[in-house]
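File shown here: input_5.txt, holding compact mmCIF, C-alpha atoms.
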```txt
# COMPACT_ATOMS: atom_id res chain seq x y z
CA MET A 1 195.11 183.74 -19.42
CA GLU A 2 195.48 180.10 -18.48
CA ILE A 3 195.36 179.63 -14.72
CA ARG A 4 197.93 177.11 -13.54
CA LYS A 5 197.22 174.70 -10.75
CA THR A 6 198.88 175.62 -7.47
CA ARG A 7 200.11 173.57 -4.54
CA MET A 8 196.99 174.52 -2.56
CA GLU A 9 194.73 172.53 -4.86
CA ALA A 10 196.24 169.37 -3.38
CA VAL A 11 195.43 170.47 0.18
CA GLN A 12 192.12 169.50 1.76
CA SER A 13 189.77 172.25 2.89
CA PRO A 14 189.48 172.56 6.68
CA ILE A 15 186.24 171.03 7.91
CA ILE A 16 185.57 173.41 10.84
CA PRO A 17 184.29 176.30 8.65
CA VAL A 18 182.14 173.86 6.63
CA VAL A 19 180.44 172.51 9.73
CA GLY A 20 180.28 176.04 11.13
CA GLU A 21 178.21 177.17 8.14
CA LEU A 22 175.86 174.22 8.62
CA ILE A 23 175.43 175.13 12.29
CA GLU A 24 174.66 178.76 11.40
CA SER A 25 171.97 177.61 8.98
CA CYS A 26 170.30 175.58 11.76
CA PRO A 27 169.80 177.91 14.76
CA GLY A 28 169.82 176.21 18.12
CA THR A 29 172.31 173.52 17.08
CA ILE A 30 174.62 172.39 19.88
CA SER A 31 178.18 171.88 18.68
CA LEU A 32 180.23 168.92 19.80
CA GLY A 33 182.60 169.73 16.96
CA GLN A 34 185.36 172.25 17.55
CA GLY A 35 188.14 171.42 20.00
CA VAL A 36 188.16 174.27 22.50
CA VAL A 37 187.58 174.50 26.26
CA TYR A 38 184.58 176.15 27.86
CA TYR A 39 186.59 178.42 30.16
CA GLY A 40 188.67 181.54 29.53
CA PRO A 41 192.16 182.69 30.58
CA PRO A 42 193.19 183.11 34.23
CA PRO A 43 192.91 186.60 35.76
CA GLU A 44 196.69 186.65 36.08
CA ALA A 45 196.95 186.63 32.26
CA ILE A 46 194.61 189.59 31.93
CA ALA A 47 196.47 191.48 34.67
CA ARG A 48 199.75 191.26 32.73
CA LEU A 49 198.27 193.36 29.94
CA ASP A 50 198.74 196.44 32.13
CA ASN A 51 202.46 195.67 32.18
CA PHE A 52 202.46 195.44 28.41
CA LEU A 53 200.67 198.78 28.02
CA ALA A 54 202.95 200.53 30.52
CA ASP A 55 205.95 200.31 28.20
CA PRO A 56 205.66 202.08 24.80
CA GLU A 57 208.54 199.96 23.51
CA ASN A 58 206.21 196.96 23.57
CA HIS A 59 204.44 198.32 20.49
CA LYS A 60 207.58 197.67 18.44
CA TYR A 61 208.97 194.41 17.10
CA LYS A 62 210.57 192.12 19.64
CA LEU A 63 212.89 189.11 19.41
CA VAL A 64 212.01 186.44 16.86
CA ARG A 65 212.24 183.64 19.46
CA GLY A 66 210.09 185.38 22.08
CA ILE A 67 210.60 187.83 24.93
CA PRO A 68 213.25 186.70 27.46
CA PRO A 69 210.92 186.57 30.52
CA LEU A 70 208.56 184.21 28.69
CA LEU A 71 211.42 182.02 27.46
CA ALA A 72 212.61 181.74 31.08
CA ALA A 73 209.10 180.89 32.31
CA ILE A 74 208.73 178.18 29.64
CA GLU A 75 212.12 176.72 30.53
CA ALA A 76 211.04 176.42 34.17
CA LYS A 77 207.73 174.84 33.13
CA LEU A 78 209.45 172.29 30.88
CA GLN A 79 211.77 171.22 33.68
CA ALA A 80 208.99 170.98 36.28
CA ASP A 81 206.20 169.44 34.19
CA ASN A 82 207.96 167.60 31.37
CA GLY A 83 211.31 166.60 32.82
CA MET A 84 213.08 168.43 30.01
CA GLU A 85 216.32 170.35 30.47
CA ILE A 86 217.19 173.29 28.22
CA ASN A 87 220.92 173.58 27.54
CA ASP A 88 223.33 174.30 24.68
CA ARG A 89 221.93 171.38 22.66
CA ASN A 90 218.35 172.59 22.37
CA SER A 91 216.34 175.80 22.23
CA ILE A 92 212.86 177.19 22.91
CA VAL A 93 211.01 179.19 20.25
CA VAL A 94 207.69 180.90 21.06
CA THR A 95 205.21 180.63 18.19
CA ALA A 96 201.78 181.95 17.22
CA GLY A 97 200.05 178.80 18.42
CA GLY A 98 200.85 175.10 18.15
CA ASN A 99 199.94 174.89 14.46
CA MET A 100 202.64 177.41 13.61
CA ALA A 101 205.15 175.41 15.62
CA PHE A 102 204.40 172.39 13.43
CA VAL A 103 204.67 174.41 10.21
CA ASN A 104 208.03 175.75 11.44
CA ALA A 105 209.21 172.19 12.06
CA VAL A 106 208.12 170.92 8.64
CA LEU A 107 209.79 173.78 6.76
CA ALA A 108 212.98 173.59 8.83
CA ILE A 109 213.69 169.88 8.32
CA THR A 110 212.41 169.13 4.81
CA ALA A 111 212.90 169.84 1.15
CA PRO A 112 210.07 169.50 -1.40
CA GLY A 113 209.33 165.84 -2.04
CA ASP A 114 210.39 164.63 1.39
CA GLU A 115 208.13 162.46 3.55
CA ILE A 116 206.79 162.73 7.10
CA ILE A 117 205.11 159.75 8.72
CA ILE A 118 201.84 160.52 10.50
CA GLN A 119 199.43 158.21 12.28
CA THR A 120 195.83 157.67 11.23
CA PRO A 121 193.49 158.99 12.36
CA TYR A 122 195.51 162.22 12.03
CA TYR A 123 194.89 165.84 13.03
CA PHE A 124 193.88 167.38 9.71
CA ASN A 125 195.98 170.56 10.05
CA HIS A 126 199.12 168.41 10.34
CA GLU A 127 198.35 166.62 7.09
CA MET A 128 197.55 169.97 5.45
CA ALA A 129 200.80 171.58 6.63
CA ILE A 130 202.89 168.75 5.22
CA ALA A 131 201.18 169.10 1.84
CA ILE A 132 201.56 172.89 1.87
CA GLY A 133 205.29 172.38 2.45
CA GLY A 134 205.51 170.36 -0.76
CA CYS A 135 206.09 167.13 1.14
CA ARG A 136 204.22 163.83 1.25
CA PRO A 137 202.40 162.62 4.36
CA VAL A 138 202.94 158.88 4.75
CA LEU A 139 199.99 157.38 6.62
CA VAL A 140 200.50 154.58 9.13
CA GLY A 141 197.39 153.21 10.79
CA THR A 142 197.14 152.85 14.54
CA ASP A 143 195.80 149.65 16.09
CA ALA A 144 192.19 148.87 17.07
CA ASN A 145 192.62 150.98 20.24
CA TYR A 146 194.25 153.84 18.29
CA GLN A 147 197.67 153.06 19.76
CA LEU A 148 201.02 153.33 17.97
CA ARG A 149 202.35 150.44 15.87
CA PRO A 150 206.13 151.05 16.06
CA GLN A 151 207.10 148.25 13.72
CA ALA A 152 204.68 149.49 11.06
CA ILE A 153 206.22 152.94 11.47
CA ALA A 154 209.71 151.50 11.01
CA ALA A 155 208.59 149.64 7.90
CA ALA A 156 207.23 152.85 6.37
CA ILE A 157 210.55 154.71 6.58
CA THR A 158 212.24 155.37 3.24
CA ALA A 159 215.23 157.36 2.05
CA LYS A 160 212.91 160.38 1.80
CA THR A 161 211.57 160.17 5.35
CA ARG A 162 212.55 163.14 7.50
CA ALA A 163 210.38 162.67 10.59
CA VAL A 164 207.79 160.64 12.45
CA LEU A 165 204.97 162.61 14.08
CA THR A 166 203.22 161.47 17.24
CA VAL A 167 200.33 163.31 18.93
CA SER A 168 199.71 162.34 22.55
CA PRO A 169 197.24 162.92 24.15
CA ASN A 170 195.70 162.47 20.75
CA ASN A 171 193.45 164.57 18.59
CA PRO A 172 191.09 163.14 17.30
CA THR A 173 190.94 159.88 19.27
CA GLY A 174 191.69 160.89 22.86
CA ALA A 175 194.26 158.06 23.06
CA ILE A 176 197.39 158.46 25.17
CA TYR A 177 200.43 156.61 23.87
CA SER A 178 202.35 154.46 26.32
CA GLU A 179 205.84 155.40 27.44
CA ALA A 180 207.14 152.12 26.03
CA ALA A 181 205.71 152.81 22.56
CA LEU A 182 206.97 156.40 22.54
CA ARG A 183 210.43 155.22 23.57
CA GLU A 184 210.40 152.64 20.79
CA VAL A 185 209.41 155.23 18.17
CA ASN A 186 211.96 157.69 19.52
CA GLU A 187 214.70 155.04 19.29
CA ILE A 188 213.63 154.15 15.73
CA CYS A 189 214.04 157.82 14.80
CA ARG A 190 217.48 157.99 16.43
CA SER A 191 218.72 154.83 14.75
CA ARG A 192 217.43 155.87 11.32
CA GLY A 193 218.73 159.44 11.51
CA ILE A 194 215.35 161.18 11.34
CA TYR A 195 213.40 163.47 13.66
CA HIS A 196 210.68 162.60 16.15
CA ILE A 197 208.09 165.40 16.23
CA SER A 198 206.00 165.16 19.39
CA ASP A 199 202.81 167.26 19.55
CA GLU A 200 201.75 167.64 23.19
CA ALA A 201 199.06 170.33 23.02
CA TYR A 202 196.78 168.33 25.36
CA GLU A 203 199.46 167.38 27.88
CA TYR A 204 197.35 168.20 30.98
CA PHE A 205 194.10 166.60 29.80
CA THR A 206 194.43 163.06 31.15
CA TYR A 207 191.98 160.81 33.01
CA ASN A 208 191.86 157.58 35.03
CA GLY A 209 195.37 158.11 36.37
CA VAL A 210 196.97 157.70 32.93
CA LYS A 211 200.18 159.72 32.65
CA HIS A 212 201.43 161.85 29.78
CA VAL A 213 205.07 161.34 28.79
CA SER A 214 207.25 163.80 26.84
CA PRO A 215 209.71 162.10 24.45
CA GLY A 216 211.97 165.14 24.78
CA SER A 217 212.69 163.99 28.34
CA PHE A 218 214.25 160.70 27.19
CA PRO A 219 218.04 160.64 27.74
CA GLU A 220 220.03 161.88 24.73
CA SER A 221 216.88 162.49 22.67
CA ARG A 222 217.21 166.25 22.36
CA ASP A 223 219.38 166.17 19.22
CA TYR A 224 216.57 164.71 17.09
CA THR A 225 213.33 165.34 19.04
CA ILE A 226 211.10 168.34 18.29
CA SER A 227 208.47 168.99 20.97
CA LEU A 228 205.39 171.15 20.30
CA TYR A 229 203.19 172.81 22.93
CA SER A 230 200.25 175.20 23.10
CA LEU A 231 198.59 177.45 25.66
CA SER A 232 195.32 177.41 23.71
CA LYS A 233 193.69 174.51 25.53
CA ALA A 234 195.06 174.47 29.07
CA TYR A 235 194.64 178.21 29.64
CA GLY A 236 191.54 178.97 27.57
CA PHE A 237 193.87 180.95 25.33
CA ALA A 238 192.84 179.89 21.83
CA SER A 239 192.52 183.31 20.17
CA TRP A 240 195.68 184.66 21.83
CA ARG A 241 197.77 182.46 19.52
CA ILE A 242 200.64 181.44 21.75
CA GLY A 243 202.46 178.13 21.52
CA TYR A 244 206.09 177.10 21.65
CA MET A 245 208.50 174.48 20.44
CA VAL A 246 211.64 172.87 21.78
CA ILE A 247 214.06 172.12 18.96
CA PRO A 248 217.58 170.78 18.56
CA GLN A 249 220.01 173.68 18.61
CA HIS A 250 221.14 172.97 15.07
CA LEU A 251 217.64 173.85 13.79
CA LEU A 252 217.47 177.25 15.46
CA ASP A 253 218.81 179.31 12.54
CA ALA A 254 216.37 177.65 10.13
CA VAL A 255 213.38 178.17 12.43
CA LYS A 256 214.32 181.81 13.02
CA LYS A 257 214.42 182.40 9.25
CA ILE A 258 210.95 180.90 8.86
CA GLN A 259 209.47 182.76 11.79
CA ASP A 260 211.04 186.10 10.85
CA THR A 261 209.56 185.78 7.36
CA ILE A 262 206.05 184.71 8.37
CA LEU A 263 205.61 186.43 11.72
CA ILE A 264 208.64 188.61 12.60
CA CYS A 265 207.87 187.97 16.26
CA PRO A 266 205.10 186.28 18.26
CA PRO A 267 202.37 188.78 19.31
CA VAL A 268 203.97 190.59 22.23
CA ILE A 269 200.73 191.43 24.02
CA SER A 270 199.84 187.74 24.02
CA GLN A 271 203.30 186.85 25.31
CA TYR A 272 202.65 189.07 28.32
CA GLY A 273 199.38 187.24 28.86
CA ALA A 274 201.23 183.94 28.58
CA LEU A 275 203.58 185.06 31.35
CA GLY A 276 200.59 185.55 33.61
CA ALA A 277 199.12 182.19 32.64
CA LEU A 278 202.35 180.32 33.31
CA SER A 279 202.66 182.04 36.69
CA VAL A 280 199.55 180.06 37.69
CA GLY A 281 200.76 176.93 35.94
CA LYS A 282 199.00 173.64 35.32
CA ASP A 283 196.89 174.03 38.46
CA TYR A 284 194.69 176.42 36.48
CA CYS A 285 193.79 173.77 33.90
CA GLN A 286 193.48 171.05 36.51
CA GLY A 287 190.96 173.17 38.38
CA TYR A 288 188.59 172.70 35.44
CA LEU A 289 189.56 169.14 34.64
CA GLY A 290 187.06 167.65 37.08
CA ALA A 291 184.15 169.30 35.26
CA ILE A 292 185.45 168.15 31.87
CA ALA A 293 185.98 164.64 33.23
CA SER A 294 182.38 164.65 34.47
CA VAL A 295 181.12 165.52 30.99
CA ARG A 296 183.39 162.81 29.57
CA GLN A 297 181.90 160.20 31.90
CA MET A 298 178.37 161.32 31.06
CA LEU A 299 179.17 161.01 27.36
CA LEU A 300 180.63 157.53 27.76
CA GLU A 301 177.61 156.35 29.74
CA SER A 302 175.16 157.81 27.23
CA LEU A 303 176.96 156.21 24.30
CA GLN A 304 176.46 152.79 25.87
CA GLY A 305 172.95 153.09 24.48
CA LEU A 306 174.47 152.86 21.01
CA SER A 307 175.91 149.38 21.53
CA GLY A 308 175.78 147.63 18.19
CA LEU A 309 175.62 150.91 16.31
CA CYS A 310 179.01 152.40 17.31
CA THR A 311 182.30 151.33 18.87
CA ILE A 312 184.68 153.59 20.82
CA GLY A 313 188.39 153.08 21.46
CA PRO A 314 189.88 153.84 24.91
CA ALA A 315 190.17 157.61 25.27
CA ASP A 316 192.07 158.61 28.41
CA GLY A 317 193.22 162.01 27.18
CA ALA A 318 192.40 165.29 25.42
CA PHE A 319 188.63 165.93 25.18
CA TYR A 320 187.61 163.81 22.22
CA LEU A 321 185.95 160.49 21.51
CA PHE A 322 186.28 158.87 18.10
CA LEU A 323 183.26 156.79 17.13
CA LYS A 324 183.36 154.03 14.55
CA VAL A 325 179.82 153.90 13.22
CA ASN A 326 178.66 150.49 12.00
CA SER A 327 177.26 151.86 8.77
CA GLN A 328 178.30 152.34 5.18
CA MET A 329 176.81 155.84 5.25
CA ASP A 330 179.07 158.70 4.18
CA ALA A 331 180.33 160.42 7.34
CA LEU A 332 179.69 163.98 6.11
CA ALA A 333 176.18 163.03 5.04
CA LEU A 334 175.60 161.67 8.54
CA VAL A 335 176.96 164.88 10.09
CA LYS A 336 174.62 166.96 7.93
CA ARG A 337 171.60 164.93 9.00
CA LEU A 338 172.56 165.17 12.68
CA ILE A 339 172.70 168.97 12.37
CA ARG A 340 169.57 169.47 10.27
CA GLU A 341 167.33 166.85 11.85
CA HIS A 342 168.60 166.64 15.44
CA GLY A 343 170.36 169.93 16.19
CA VAL A 344 173.76 168.54 17.14
CA ALA A 345 177.09 168.87 15.35
CA VAL A 346 180.14 166.57 15.29
CA LEU A 347 182.97 166.19 12.76
CA PRO A 348 183.24 163.52 10.03
CA GLY A 349 186.09 161.04 10.31
CA ASP A 350 187.27 161.26 6.72
CA THR A 351 188.75 164.70 7.42
CA PHE A 352 191.05 162.85 9.86
CA GLY A 353 192.13 160.39 7.18
CA MET A 354 189.64 157.62 7.97
CA GLU A 355 188.13 156.72 4.62
CA ASP A 356 187.63 152.98 5.16
CA GLY A 357 184.38 153.38 7.09
CA CYS A 358 182.12 155.85 8.83
CA TYR A 359 183.72 157.67 11.78
CA LEU A 360 182.77 160.68 13.88
CA ARG A 361 184.82 162.87 16.23
CA VAL A 362 182.93 164.08 19.28
CA ALA A 363 184.47 166.97 21.25
CA TYR A 364 183.28 167.44 24.85
CA GLY A 365 185.46 170.21 26.29
CA ALA A 366 183.72 173.29 24.93
CA LEU A 367 180.42 173.20 26.80
CA PRO A 368 179.26 173.51 30.42
CA LYS A 369 177.73 170.31 31.76
CA GLU A 370 174.06 171.24 31.28
CA THR A 371 174.50 172.18 27.62
CA ALA A 372 176.75 169.19 26.98
CA ALA A 373 174.11 166.88 28.46
CA GLU A 374 171.50 168.17 26.01
CA GLY A 375 173.96 167.89 23.11
CA ILE A 376 174.86 164.32 24.03
CA GLU A 377 171.17 163.39 24.31
CA ARG A 378 170.55 164.81 20.84
CA LEU A 379 173.54 162.90 19.45
CA VAL A 380 172.45 159.56 20.88
CA ARG A 381 168.83 160.08 19.86
CA GLY A 382 169.90 161.19 16.37
CA LEU A 383 172.20 158.25 15.75
CA GLN A 384 169.51 155.83 16.95
CA ALA A 385 166.96 157.42 14.63
CA ILE A 386 169.24 157.57 11.59
CA LEU A 387 171.01 154.23 12.00
CA GLY A 388 168.49 152.14 13.91
```

Please, can you express the file's structure as structure tokens?
Amino acid sequence: MEIRKTRMEAVQSPIIPVVGELIESCPGTISLGQGVVYYGPPPEAIARLDNFLADPENHKYKLVRGIPPLLAAIEAKLQADNGMEINDRNSIVVTAGGNMAFVNAVLAITAPGDEIIIQTPYYFNHEMAIAIGGCRPVLVGTDANYQLRPQAIAAAITAKTRAVLTVSPNNPTGAIYSEAALREVNEICRSRGIYHISDEAYEYFTYNGVKHVSPGSFPESRDYTISLYSLSKAYGFASWRIGYMVIPQHLLDAVKKIQDTILICPPVISQYGALGALSVGKDYCQGYLGAIASVRQMLLESLQGLSGLCTIGPADGAFYLFLKVNSQMDALALVKRLIREHGVAVLPGDTFGMEDGCYLRVAYGALPKETAAEGIERLVRGLQAILG
């Protein structure tokens, strides 16, 4: 039997498992690769599991959008932290993580062959989801500091464009987009009759007094703005798979169809945990932010020793730095040598769409300070040895 090509053959393979296998083959490797935090969920999240277990009805399917107490808690959070009002023109949908929220958005607003504009460097799962949906990612480069270029975005819009995606604070660069630039992009989307998808998974991870802004808070933006959030990072909640999205009301039926087909309902036990996490609120994340900021500063200071070998754009958010390596070496080949010869892992930039040079993403949120310090020392020493 002849095996036909499928849509998945056009989708890149995720890099995390590839690097994970390399790490496993080199015991003792310190990973500065995967984007997770070093801490776990708040005790209040764990305590809510007793409430879940106390009601046998919780072992049955629940509402597609999420349980009402969690929807109410998210609504209060959005008003307090994001300046967003929930009314009859928009709606909250709880999802199994932020990635699912993005897949929901893509499937709800597109038909096969449509286009979504994404910025490079991009988060690889976004590019993959667009391809899986049978759509075309249109790549628009950011500037030298990894900031938005609104006029380039406007120029890339065609009759097939359905949305512009922005990710701020950004994965993989750590950049935070200015309010002015986000307003300009949001207005471009309004005037051209397309959606603005705003991924805000790292909303609380900001440094140096730089503020995060939610486009969904802009006046009259709720009819065409789709906002995506996650509990994975802020609450050490990655494996619990809870995120949520705020969508225009007219998309609710479409999103419910998608979610009912793929998921039926978000994991109810995790929704109870999310209730506990949101009862603590952003103070929980901010209690750990000082330690992460300290590792960030240590990383920046250590990388000064690579002057001439690497350049780094301003990174006031998330927990990533994106290095441009002054070398023609293949990025994955460099990653392999760093793991095998120097016991430290980072991610290659081409998986984020950067194929015009050698780039590396360094993640610094997953490790306590002492381990991070050793990993950073290995990284600097390895890059000096390989590139020097």

Please produce, as JSON lines, a per-residue contact table for region 19-50 of chain A versus region 225-248 of chain A (criterion: any atom at most 12 Å away, all atoms listed in the file considered), showing the nearest atom pair and its distance in Å to one decimal, sorted by chain then residue number.
```
{"residue": "A:Gln34", "atom": "CA", "partner": "A:Ala238", "partner_atom": "CA", "distance": 11.5}
{"residue": "A:Gly35", "atom": "CA", "partner": "A:Lys233", "partner_atom": "CA", "distance": 8.4}
{"residue": "A:Val36", "atom": "CA", "partner": "A:Lys233", "partner_atom": "CA", "distance": 6.3}
{"residue": "A:Val37", "atom": "CA", "partner": "A:Gly236", "partner_atom": "CA", "distance": 6.1}
{"residue": "A:Tyr38", "atom": "CA", "partner": "A:Gly236", "partner_atom": "CA", "distance": 7.5}
{"residue": "A:Tyr39", "atom": "CA", "partner": "A:Gly236", "partner_atom": "CA", "distance": 5.6}
{"residue": "A:Gly40", "atom": "CA", "partner": "A:Gly236", "partner_atom": "CA", "distance": 4.3}
{"residue": "A:Pro41", "atom": "CA", "partner": "A:Gly236", "partner_atom": "CA", "distance": 4.8}
{"residue": "A:Pro42", "atom": "CA", "partner": "A:Tyr235", "partner_atom": "CA", "distance": 6.9}
{"residue": "A:Pro43", "atom": "CA", "partner": "A:Tyr235", "partner_atom": "CA", "distance": 10.5}
{"residue": "A:Glu44", "atom": "CA", "partner": "A:Tyr235", "partner_atom": "CA", "distance": 10.8}
{"residue": "A:Ala45", "atom": "CA", "partner": "A:Tyr235", "partner_atom": "CA", "distance": 9.1}
{"residue": "A:Ile46", "atom": "CA", "partner": "A:Phe237", "partner_atom": "CA", "distance": 10.9}
```

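Interatomic distance, CA of Asp330 (chain A) against CA of Thr166 (chain A): 27.6 Å.
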
Practice problem: Work out how far CA of Ala293 (chain A) is from CA of Lys369 (chain A), in Å to one decimal. | Solution: 10.1 Å

Practice problem: Excluding Leu251 (chain A) and residues on its chain fewer than 2 positions from it, collect all residues at most 10 Å away from it, counting only C-alpha atoms, and give them as a list in words. | Solution: Asn90, Ser91, Ala105, Ala108, Ile109, Asp223, Tyr224, Ile226, Ile247, Pro248, Gln249, Asp253, Ala254, Val255 and Lys256 of chain A

Quiz prompt | Minimum-distance residue to Val106 (chain A), chosen among A:Thr142, A:Pro69, A:Tyr195, A:Ile86 (using all atoms listed in the file) | solution = A:Tyr195

Quiz prompt | Spatial neighbours of Gly375 (chain A), max dist 7 Å, only C-alpha atoms, sep filter under 4 positions, as a VMD selection string | solution = chain A and resid 30 344 371 379
